[in-house]
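As provided, entry.cif (mmCIF, C-alpha atoms and all ligand atoms) reads as follows.
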data_upload
loop_
_atom_site.label_atom_id
_atom_site.label_comp_id
_atom_site.auth_asym_id
_atom_site.auth_seq_id
_atom_site.Cartn_x
_atom_site.Cartn_y
_atom_site.Cartn_z
CA MET A 1 -6.86 13.44 -27.07
CA LEU A 2 -5.19 11.17 -24.51
CA ARG A 3 -2.47 8.77 -25.55
CA HIS A 4 -0.48 6.28 -23.56
CA LYS A 5 2.43 8.64 -22.94
CA ASP A 6 4.39 5.78 -21.40
CA HIS A 7 3.58 6.54 -17.81
CA PHE A 8 0.67 7.19 -15.51
CA HIS A 9 0.76 8.25 -11.90
CA GLY A 10 -0.52 5.60 -9.52
CA SER A 11 -3.75 7.51 -9.02
CA ASP A 12 -4.49 8.36 -12.65
CA LEU A 13 -7.52 6.08 -12.89
CA GLU A 14 -9.68 8.69 -14.63
CA LYS A 15 -7.15 9.00 -17.46
CA ILE A 16 -7.03 5.23 -17.81
CA GLU A 17 -10.81 5.08 -17.88
CA GLU A 18 -10.92 7.59 -20.73
CA LEU A 19 -8.11 6.06 -22.75
CA TYR A 20 -8.85 2.35 -22.34
CA LYS A 21 -12.63 2.56 -21.83
CA ILE A 22 -12.45 0.52 -18.63
CA PRO A 23 -14.69 1.81 -15.81
CA LYS A 24 -12.35 2.95 -13.06
CA GLU A 25 -14.16 0.85 -10.44
CA LYS A 26 -13.12 -2.25 -12.41
CA ILE A 27 -9.41 -1.43 -12.41
CA LEU A 28 -7.24 -3.23 -9.89
CA SER A 29 -4.62 -0.68 -8.96
CA PHE A 30 -1.25 -2.32 -8.41
CA SER A 31 0.07 1.15 -8.95
CA GLY A 32 -1.41 3.24 -6.11
CA ASN A 33 0.52 1.62 -3.20
CA VAL A 34 -2.65 1.72 -1.08
CA ASN A 35 -3.48 -0.87 1.61
CA PRO A 36 -5.80 -3.46 -0.03
CA LEU A 37 -7.86 -3.92 3.16
CA GLY A 38 -9.54 -0.58 2.49
CA MET A 39 -10.10 1.96 5.23
CA PRO A 40 -10.48 0.65 8.81
CA LYS A 41 -14.07 -0.29 9.68
CA SER A 42 -13.71 1.75 12.87
CA VAL A 43 -13.03 4.83 10.71
CA LEU A 44 -15.98 4.17 8.41
CA GLU A 45 -18.36 3.72 11.32
CA TYR A 46 -17.10 6.75 13.17
CA ALA A 47 -17.32 8.85 10.00
CA LYS A 48 -20.92 7.81 9.38
CA ALA A 49 -21.90 8.68 12.93
CA HIS A 50 -20.04 11.99 13.05
CA LEU A 51 -20.53 13.50 9.60
CA ASP A 52 -22.21 16.47 11.26
CA CYS A 53 -18.76 17.60 12.46
CA LEU A 54 -18.46 19.12 8.98
CA SER A 55 -20.85 21.85 10.04
CA ALA A 56 -18.20 23.25 12.42
CA TYR A 57 -14.71 24.56 11.77
CA PRO A 58 -11.97 22.26 13.02
CA ASP A 59 -9.86 23.33 16.03
CA ARG A 60 -7.34 25.65 14.40
CA GLU A 61 -4.57 24.23 16.61
CA TYR A 62 -5.66 20.58 16.06
CA LYS A 63 -4.92 19.77 19.71
CA ASP A 64 -6.71 16.38 19.87
CA LEU A 65 -5.33 15.31 16.52
CA LYS A 66 -1.78 16.26 17.48
CA ARG A 67 -2.11 14.44 20.80
CA ALA A 68 -3.17 11.30 18.91
CA ILE A 69 -0.32 11.62 16.40
CA ALA A 70 2.18 12.15 19.23
CA ALA A 71 1.01 8.95 20.95
CA TYR A 72 1.03 6.99 17.69
CA ALA A 73 4.40 8.19 16.41
CA ASP A 74 5.96 8.46 19.87
CA CYS A 75 7.15 12.07 19.76
CA PRO A 76 6.34 15.33 21.60
CA GLU A 77 3.09 17.05 20.58
CA ASP A 78 4.78 20.37 19.96
CA PHE A 79 6.97 18.86 17.22
CA ILE A 80 3.93 18.12 15.02
CA LEU A 81 2.62 20.06 12.02
CA THR A 82 -0.40 18.80 10.12
CA GLY A 83 -1.44 19.18 6.50
CA SER A 84 -3.76 18.08 3.76
CA GLY A 85 -1.79 14.93 2.91
CA SER A 86 1.98 14.70 2.88
CA SER A 87 1.89 16.33 -0.57
CA GLU A 88 0.74 19.64 0.89
CA LEU A 89 3.45 19.40 3.53
CA ILE A 90 6.12 18.81 0.87
CA THR A 91 4.98 21.89 -1.04
CA HIS A 92 4.72 24.05 2.06
CA PHE A 93 8.04 22.82 3.46
CA MET A 94 9.84 23.70 0.22
CA SER A 95 8.23 27.13 0.07
CA LYS A 96 9.42 27.88 3.63
CA ALA A 97 12.84 26.23 3.45
CA ALA A 98 13.36 27.46 -0.16
CA PRO A 99 16.52 25.37 -0.59
CA LYS A 100 18.93 26.88 -3.12
CA ARG A 101 20.55 23.53 -3.83
CA ALA A 102 18.78 20.28 -3.01
CA LEU A 103 20.35 16.85 -3.19
CA ILE A 104 17.71 14.16 -3.64
CA ILE A 105 18.42 10.46 -3.26
CA GLY A 106 16.88 8.86 -6.31
CA PRO A 107 15.19 7.36 -8.19
CA THR A 108 12.38 8.53 -5.97
CA TYR A 109 8.99 10.22 -5.72
CA SER A 110 8.95 13.17 -8.13
CA GLU A 111 7.17 15.75 -5.95
CA TYR A 112 10.32 16.74 -4.04
CA GLU A 113 12.04 17.85 -7.24
CA ARG A 114 8.95 19.67 -8.48
CA ALA A 115 8.55 21.57 -5.20
CA VAL A 116 12.24 22.61 -5.10
CA ILE A 117 12.08 23.87 -8.69
CA ILE A 118 8.83 25.81 -8.09
CA ASN A 119 10.71 27.60 -5.32
CA LYS A 120 13.58 28.46 -7.68
CA GLY A 121 16.06 25.99 -6.24
CA THR A 122 18.22 23.58 -8.21
CA VAL A 123 18.15 19.80 -7.87
CA LYS A 124 20.87 17.19 -8.10
CA TYR A 125 20.26 13.50 -7.62
CA PHE A 126 22.43 11.16 -5.64
CA PRO A 127 21.96 7.79 -7.34
CA LEU A 128 20.95 4.51 -5.76
CA ARG A 129 22.83 2.15 -8.05
CA GLU A 130 21.53 -1.01 -9.62
CA GLU A 131 24.88 -2.73 -9.04
CA GLU A 132 24.47 -1.98 -5.31
CA GLY A 133 20.95 -3.43 -5.24
CA PHE A 134 19.57 0.14 -5.17
CA SER A 135 20.62 0.45 -1.52
CA LEU A 136 22.23 3.61 -0.27
CA ASN A 137 26.01 3.88 -0.36
CA THR A 138 26.38 5.99 2.78
CA GLU A 139 30.12 6.57 2.36
CA ALA A 140 29.68 7.96 -1.15
CA LEU A 141 26.77 10.13 0.00
CA ILE A 142 28.79 11.54 2.87
CA GLU A 143 31.47 12.61 0.36
CA LYS A 144 28.83 14.36 -1.72
CA LEU A 145 27.56 16.26 1.32
CA GLU A 146 30.88 18.09 1.40
CA SER A 147 29.64 20.08 -1.59
CA GLU A 148 27.11 21.48 0.91
CA PRO A 149 23.67 21.34 -0.59
CA SER A 150 21.19 23.27 1.57
CA LEU A 151 18.81 20.33 1.69
CA LEU A 152 19.07 16.55 1.46
CA VAL A 153 15.87 14.60 0.70
CA LEU A 154 15.48 10.90 1.38
CA CYS A 155 12.41 8.68 1.16
CA ASN A 156 12.46 5.73 3.61
CA PRO A 157 11.44 3.09 2.55
CA ASN A 158 12.04 4.54 -0.85
CA ASN A 159 9.45 4.74 -3.59
CA PRO A 160 9.92 3.10 -6.14
CA THR A 161 12.97 0.97 -5.22
CA GLY A 162 11.47 -0.37 -1.97
CA THR A 163 14.89 -0.23 -0.29
CA ASN A 164 15.50 1.38 3.10
CA VAL A 165 18.12 2.99 5.32
CA SER A 166 18.58 2.09 9.02
CA THR A 167 18.22 4.58 11.86
CA GLU A 168 21.90 4.11 12.65
CA GLU A 169 22.93 5.00 9.10
CA LEU A 170 20.61 8.00 9.25
CA ARG A 171 22.36 9.11 12.42
CA ARG A 172 25.73 9.02 10.61
CA ILE A 173 24.28 11.01 7.74
CA LEU A 174 22.72 13.53 10.12
CA ASN A 175 26.02 14.08 11.91
CA VAL A 176 27.72 14.94 8.62
CA CYS A 177 24.75 17.11 7.62
CA MET A 178 25.17 19.02 10.92
CA GLU A 179 28.85 19.67 10.16
CA HIS A 180 28.00 21.11 6.75
CA GLY A 181 24.79 22.98 7.62
CA VAL A 182 22.59 20.64 5.58
CA PHE A 183 18.91 20.11 6.50
CA LEU A 184 17.56 16.57 6.05
CA LEU A 185 13.96 15.90 5.01
CA ILE A 186 12.87 12.26 5.34
CA ASP A 187 9.61 11.01 3.87
CA GLU A 188 8.29 8.04 5.89
CA THR A 189 5.02 7.63 3.98
CA TYR A 190 5.54 3.84 3.72
CA ILE A 191 7.26 3.15 7.04
CA GLU A 192 4.41 1.34 8.81
CA PHE A 193 4.51 -1.37 6.13
CA ALA A 194 8.16 -2.19 6.90
CA GLU A 195 9.13 -5.32 8.82
CA ASP A 196 10.55 -3.38 11.75
CA PRO A 197 9.69 0.32 11.51
CA GLY A 198 11.58 0.97 14.77
CA ARG A 199 14.85 -0.09 13.11
CA ILE A 200 14.59 2.43 10.28
CA SER A 201 12.50 5.35 11.51
CA ALA A 202 14.05 8.77 12.00
CA VAL A 203 11.29 9.95 14.36
CA PRO A 204 13.39 9.24 17.51
CA LEU A 205 16.20 11.29 15.92
CA THR A 206 13.95 14.36 15.78
CA GLN A 207 14.49 14.64 19.55
CA GLU A 208 18.26 14.90 19.03
CA TYR A 209 18.73 16.75 15.75
CA GLU A 210 17.49 20.19 14.81
CA ASN A 211 18.40 19.78 11.14
CA LEU A 212 15.73 17.15 10.55
CA ALA A 213 12.06 16.92 9.58
CA VAL A 214 10.13 13.67 9.09
CA LEU A 215 7.03 13.48 6.91
CA ARG A 216 4.25 10.95 7.22
CA GLY A 217 0.82 10.37 5.73
CA THR A 218 -2.30 8.26 6.20
CA SER A 219 -3.24 7.76 2.52
CA LYS A 220 -1.32 4.53 1.98
CA PHE A 221 -1.26 2.59 5.24
CA PHE A 222 -4.81 3.47 6.34
CA ALA A 223 -6.16 3.38 2.77
CA LEU A 224 -7.53 6.92 3.02
CA PRO A 225 -6.07 8.86 0.08
CA GLY A 226 -9.28 10.87 -0.27
CA LEU A 227 -9.20 12.09 3.31
CA ARG A 228 -5.96 14.04 2.77
CA LEU A 229 -4.28 13.81 6.18
CA GLY A 230 -0.54 14.05 6.67
CA TYR A 231 1.87 15.26 9.34
CA MET A 232 5.43 16.44 9.79
CA ILE A 233 7.63 16.02 12.86
CA THR A 234 10.46 18.43 13.64
CA GLN A 235 12.23 19.86 16.64
CA ASN A 236 13.42 22.85 14.62
CA ARG A 237 11.61 25.81 16.20
CA GLU A 238 12.53 28.26 13.46
CA LEU A 239 11.10 26.03 10.76
CA TYR A 240 8.10 25.14 12.94
CA GLU A 241 7.19 28.77 13.61
CA LYS A 242 7.76 29.84 10.02
CA PHE A 243 5.67 26.95 8.80
CA HIS A 244 2.90 27.34 11.35
CA SER A 245 2.56 31.11 11.01
CA THR A 246 2.17 30.96 7.23
CA GLU A 247 -0.14 27.94 6.97
CA THR A 248 -3.54 28.35 5.40
CA PRO A 249 -5.91 27.85 8.33
CA TRP A 250 -7.97 24.65 8.51
CA THR A 251 -6.34 22.74 5.63
CA VAL A 252 -7.11 19.56 7.58
CA ASN A 253 -10.91 19.44 7.52
CA SER A 254 -13.08 18.60 10.55
CA LEU A 255 -13.72 15.04 9.43
CA ALA A 256 -10.04 14.24 8.89
CA ALA A 257 -9.21 15.85 12.25
CA ALA A 258 -11.83 13.66 13.96
CA LEU A 259 -10.83 10.45 12.16
CA GLY A 260 -7.06 10.68 12.81
CA PRO A 261 -7.35 9.58 16.47
CA VAL A 262 -9.72 6.75 15.47
CA MET A 263 -7.36 5.18 12.92
CA PHE A 264 -4.22 5.57 15.04
CA ARG A 265 -5.94 3.63 17.87
CA ASP A 266 -7.07 0.73 15.67
CA ARG A 267 -4.40 -1.83 16.67
CA ASP A 268 -6.33 -4.69 15.14
CA TYR A 269 -6.34 -3.08 11.68
CA ILE A 270 -2.68 -2.14 12.03
CA GLU A 271 -1.67 -5.71 12.92
CA LYS A 272 -3.86 -7.24 10.18
CA THR A 273 -2.30 -4.98 7.58
CA ARG A 274 1.23 -5.73 8.68
CA ALA A 275 0.59 -9.49 8.66
CA LEU A 276 -1.03 -9.41 5.20
CA ILE A 277 1.70 -7.28 3.64
CA HIS A 278 4.45 -9.37 5.23
CA GLN A 279 2.92 -12.57 3.86
CA GLU A 280 2.39 -11.23 0.32
CA ARG A 281 5.75 -9.47 0.21
CA GLU A 282 7.59 -12.72 1.06
CA ARG A 283 5.44 -14.82 -1.25
CA LEU A 284 5.65 -12.57 -4.32
CA TYR A 285 9.34 -11.92 -3.83
CA SER A 286 10.06 -15.69 -3.83
CA VAL A 287 7.93 -16.28 -6.91
CA PHE A 288 9.62 -13.51 -8.91
CA LYS A 289 13.03 -14.57 -7.65
CA GLU A 290 12.44 -17.96 -9.29
CA SER A 291 11.30 -16.44 -12.57
CA ARG A 292 13.63 -15.99 -15.51
CA ARG A 293 11.58 -13.11 -16.89
CA PHE A 294 12.02 -10.72 -13.94
CA SER A 295 14.54 -9.89 -11.27
CA PRO A 296 12.91 -8.41 -8.11
CA ILE A 297 14.60 -5.80 -5.92
CA ARG A 298 14.22 -6.97 -2.28
CA PRO A 299 11.09 -5.08 -1.11
CA THR A 300 10.75 -3.65 2.39
CA ALA A 301 7.40 -1.82 2.08
CA ASN A 302 4.07 -2.69 0.39
CA PHE A 303 5.37 -2.60 -3.18
CA MET A 304 8.15 -4.14 -5.23
CA MET A 305 10.31 -2.96 -8.10
CA LEU A 306 11.09 -5.50 -10.80
CA LYS A 307 13.73 -5.49 -13.47
CA VAL A 308 12.46 -6.92 -16.74
CA LEU A 309 14.99 -9.50 -17.97
CA ASP A 310 13.10 -10.87 -20.97
CA PRO A 311 14.51 -8.99 -24.01
CA GLU A 312 11.18 -9.33 -25.83
CA LEU A 313 9.44 -7.25 -23.16
CA ASN A 314 9.66 -3.75 -21.76
CA SER A 315 7.76 -1.67 -19.19
CA GLY A 316 5.40 -0.13 -21.75
CA LEU A 317 4.43 -3.51 -23.23
CA LEU A 318 3.85 -4.93 -19.76
CA PHE A 319 1.72 -1.95 -18.77
CA GLU A 320 -0.41 -2.48 -21.89
CA LYS A 321 -0.71 -6.21 -21.30
CA CYS A 322 -1.90 -5.68 -17.72
CA ILE A 323 -4.25 -2.76 -18.32
CA ARG A 324 -6.07 -4.71 -21.03
CA GLU A 325 -6.94 -7.13 -18.21
CA ALA A 326 -7.95 -4.17 -15.97
CA MET A 327 -4.83 -4.40 -13.84
CA MET A 328 -2.70 -1.29 -13.55
CA ILE A 329 1.01 -1.54 -12.80
CA ARG A 330 3.53 1.30 -12.69
CA ASP A 331 5.78 1.81 -15.70
CA LEU A 332 9.01 3.28 -14.26
CA LYS A 333 10.57 4.34 -17.54
CA ASN A 334 10.48 8.05 -16.70
CA PHE A 335 12.18 7.90 -13.31
CA PRO A 336 15.75 9.19 -13.11
CA PHE A 337 18.30 6.33 -13.36
CA LEU A 338 15.63 3.85 -14.44
CA SER A 339 14.50 2.84 -17.93
CA ASP A 340 11.95 0.78 -19.77
CA ARG A 341 13.44 -2.25 -18.02
CA PHE A 342 11.68 -1.45 -14.72
CA ILE A 343 8.15 -1.77 -13.37
CA ARG A 344 6.61 -1.48 -9.89
CA LEU A 345 3.64 -3.25 -8.36
CA CYS A 346 2.06 -3.07 -4.92
CA PHE A 347 0.73 -6.00 -2.94
CA LEU A 348 -3.04 -6.42 -2.97
CA MET A 349 -5.16 -9.33 -1.64
CA PRO A 350 -3.69 -12.83 -2.27
CA GLU A 351 -6.16 -13.78 -5.03
CA GLN A 352 -5.67 -10.43 -6.78
CA ASN A 353 -1.90 -10.86 -6.60
CA ASP A 354 -2.33 -14.35 -8.08
CA ARG A 355 -4.19 -12.89 -11.07
CA LEU A 356 -1.36 -10.48 -11.73
CA LEU A 357 1.28 -13.17 -11.24
CA SER A 358 -0.32 -15.48 -13.74
CA LEU A 359 -0.52 -12.69 -16.32
CA LEU A 360 3.06 -11.50 -15.84
CA LEU A 361 4.63 -14.93 -15.70
CA ASN A 362 2.79 -16.57 -18.58
C1 LIG B 401 6.80 8.73 -1.22
C2 LIG B 401 5.48 9.43 -1.24
N1 LIG B 401 5.31 10.52 -0.47
C3 LIG B 401 4.15 11.19 -0.48
C4 LIG B 401 3.09 10.78 -1.27
C5 LIG B 401 1.83 11.59 -1.25
O1 LIG B 401 0.94 11.08 -0.33
P1 LIG B 401 -0.28 11.92 0.28
O2 LIG B 401 -1.52 11.26 -0.21
O3 LIG B 401 -0.11 11.80 1.78
O4 LIG B 401 -0.18 13.33 -0.17
C6 LIG B 401 3.23 9.66 -2.10
C7 LIG B 401 2.13 9.24 -2.99
O5 LIG B 401 2.25 8.45 -3.88
C8 LIG B 401 4.46 8.96 -2.07
O6 LIG B 401 4.65 7.87 -2.83
#
What is this file in structure tokens?
Amino acid sequence: MLRHKDHFHGSDLEKIEELYKIPKEKILSFSGNVNPLGMPKSVLEYAKAHLDCLSAYPDREYKDLKRAIAAYADCPEDFILTGSGSSELITHFMSKAAPKRALIIGPTYSEYERAVIINKGTVKYFPLREEEGFSLNTEALIEKLESEPSLLVLCNPNNPTGTNVSTEELRRILNVCMEHGVFLLIDETYIEFAEDPGRISAVPLTQEYENLAVLRGTSKFFALPGLRLGYMITQNRELYEKFHSTETPWTVNSLAAALGPVMFRDRDYIEKTRALIHQERERLYSVFKESRRFSPIRPTANFMMLKVLDPELNSGLLFEKCIREAMMIRDLKNFPFLSDRFIRLCFLMPEQNDRLLSLLLN
């Protein structure tokens, strides 16, 4: 028997359907962090016309796909590894790197910790502090790196805080990591939503640093979580070869391999998304900033973390209030360093955001 166990993953719509008896198609997910425009039309049309590609195996080396990723992300083709979503790449990376001691900057996405533990490593968190606006204190982190973890994990922009780290700060961190033999894994799943991805991306640094891998996906920005397409960028030949030689063949299916180049070329969709998210991010941030019930953490991706100020409310009560109106927000109670004072919501279409605003603020 399902109960509201105080948190649901952003994609747990089936559980919600069962527990609250709301058909999942009726639920507005402010929790999934997926682009509200839906998949690009170009992708839908191409998919319809090329479904028959499923009757052939994909190219085992994914040459066309890697060429398209290289052009899109601006990096050499032979730095790219592909996988069935960034989740598969996280799992596979941890099984190959098998870090004995990982330092994870948190609160953050929970899969990094899970994958380290599965591979018998230990995890420590380096906290993003509320009193520092949840932004990274690079000096304090650099001191911690002297204890020489084998792996440092950073999500940029970070889920759920929505804060980010600049490329220049990352360079400082990487230099210290080099000195201490620490490998840095950066998850850039949300980077295309940021105001200026070029100011915060670590992809250019992959050309300079061997102790770095950058992860990206297509589930969120291109609204294709069911397609399962992700990629990793690294110059590190040892990791690359180890990874590549132990991959399950064909984990990216023929359709995903064919659609990658189509979505990466769709400049119109990319620009539309960036304009919509920019507009809603600024608008919702200002509205919440004015409210006495919530304090928003300055968002830099397509979602925002809110501190609940009203003592009569907490994250569980707010989740319940919203889900009864078929709107699903993220209760952040179970994240390290957070509590029942924090929730997260992603930006959907303006009228949908208005519905949520009026419920949360009244
Ligand atoms: C930070 C982060 N990385 C990775 C993922 C997994 O994405 P994918 O669908 O590419 O496996 C998520 C999903 O919520 C996420 O928030």
Counting all atoms listed in the file, write as a PDB file with C-alpha atoms, keeping the file's coordinate frame all protein and nucleic acid residues lying at most 9 Å from (-7.0, 1.5, -12.3) in the file's frame.
ATOM      1  CA  GLY A  10      -0.520   5.600  -9.520  1.00  0.00           C
ATOM      2  CA  SER A  11      -3.750   7.510  -9.020  1.00  0.00           C
ATOM      3  CA  ASP A  12      -4.490   8.360 -12.650  1.00  0.00           C
ATOM      4  CA  LEU A  13      -7.520   6.080 -12.890  1.00  0.00           C
ATOM      5  CA  GLU A  14      -9.680   8.690 -14.630  1.00  0.00           C
ATOM      6  CA  ILE A  16      -7.030   5.230 -17.810  1.00  0.00           C
ATOM      7  CA  GLU A  17     -10.810   5.080 -17.880  1.00  0.00           C
ATOM      8  CA  ILE A  22     -12.450   0.520 -18.630  1.00  0.00           C
ATOM      9  CA  PRO A  23     -14.690   1.810 -15.810  1.00  0.00           C
ATOM     10  CA  LYS A  24     -12.350   2.950 -13.060  1.00  0.00           C
ATOM     11  CA  GLU A  25     -14.160   0.850 -10.440  1.00  0.00           C
ATOM     12  CA  LYS A  26     -13.120  -2.250 -12.410  1.00  0.00           C
ATOM     13  CA  ILE A  27      -9.410  -1.430 -12.410  1.00  0.00           C
ATOM     14  CA  LEU A  28      -7.240  -3.230  -9.890  1.00  0.00           C
ATOM     15  CA  SER A  29      -4.620  -0.680  -8.960  1.00  0.00           C
ATOM     16  CA  PHE A  30      -1.250  -2.320  -8.410  1.00  0.00           C
ATOM     17  CA  SER A  31       0.070   1.150  -8.950  1.00  0.00           C
ATOM     18  CA  GLY A  32      -1.410   3.240  -6.110  1.00  0.00           C
ATOM     19  CA  ILE A 323      -4.250  -2.760 -18.320  1.00  0.00           C
ATOM     20  CA  ALA A 326      -7.950  -4.170 -15.970  1.00  0.00           C
ATOM     21  CA  MET A 327      -4.830  -4.400 -13.840  1.00  0.00           C
ATOM     22  CA  MET A 328      -2.700  -1.290 -13.550  1.00  0.00           C
ATOM     23  CA  ILE A 329       1.010  -1.540 -12.800  1.00  0.00           C
TER      24      ILE A 329
END
message = At a cut-off of 6 Å and counting all atoms listed in the file, what residues surround ligand LIG 401 (chain B)? Please answer as a list in words.
response =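 Those within range of ligand LIG 401 (chain B) are Gly85, Ser86, Ser87, Tyr109, Asn159, Thr189, Gly217, Ser219, Pro225 and Gly230 of chain A.
Considering only C-alpha atoms, the residue among A:Glu271, A:Asp354, A:Glu146, A:Glu169 positioned nearest to A:Glu192 is A:Glu271.
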inquiry  = I'd like the interatomic distance between atom CA of A:His180 and atom CA of A:Pro149, to a tenth of an Å.
reply    =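 Separating atom CA of A:His180 from atom CA of A:Pro149 is a distance of 8.5 Å.
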request  = Compile the contact shell of A:Asp310 as number ranges by chain: residues with an atom at most 9 Å away, counting only C-alpha atoms, same-chain residues fewer than 5 positions apart removed.
outcome  = A: 292-294
request  = Can you work out which one of A:Glu18, A:Asp59, A:Glu210, A:Glu241 has the shortest atom-to-atom distance to A:Val182, counting only C-alpha atoms?
outcome  = A:Glu210
key: Residue nearest A:Pro76 among A:Leu141, A:Thr167, A:Val43, A:Gln207 (counting all atoms listed in the file)   =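 When distances to A:Pro76 are compared using all atoms listed in the file, the smallest one comes from A:Gln207.
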task = May I ask for the distance between atom CA of A:Arg172 and atom CA of A:Glu139, given in Å to one decimal place?
result = 9.7 Å
request  = Could you check which of A:Ala256, A:Ala223, A:Ile233, A:Leu239 is closest to A:Leu81, using only C-alpha atoms?
outcome  = A:Ile233
Of the listed residues A:Lys307, A:Ser147, A:Ile80, A:Val176, that which approaches A:Phe134 most closely, counting all atoms listed in the file = A:Lys307
message = What's around A:Met94 at 8 Å? Count all atoms listed in the file, leave out sequence neighbours fewer than 6 positions away in its own chain, and write the answer as a PyMOL selection string.
response = chain A and resi 115-116+119
task = Go through A:Ala301, A:Leu360, A:Ile191, A:Leu212 one by one, measure the shortest atom-to-atom distance of each to A:Glu238 using only C-alpha atoms, and give the residue with the smallest value.
result = A:Leu212
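Between atom CA of A:Leu309 and atom CA of A:Asn164 the separation is 23.7 Å.
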task = Would you kindly return, as a list in words, each protein, DNA or RNA residue with an atom no farther than 6 Å from any atom of stretch 199-206 of chain A, considering only C-alpha atoms and excluding same-chain residues fewer than 5 positions away?
result =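 Using only C-alpha atoms, the neighbours found are Ser166, Thr167, Thr234 and Gln235 of chain A.
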Save the residues we just selected, C-alpha atoms, as a tab-separated table (two decimals), in the coordinates of the input?
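What ended up in part.tsv:
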chain	number	residue	atom	x	y	z
A	166	SER	CA	18.58	2.09	9.02
A	167	THR	CA	18.22	4.58	11.86
A	234	THR	CA	10.46	18.43	13.64
A	235	GLN	CA	12.23	19.86	16.64
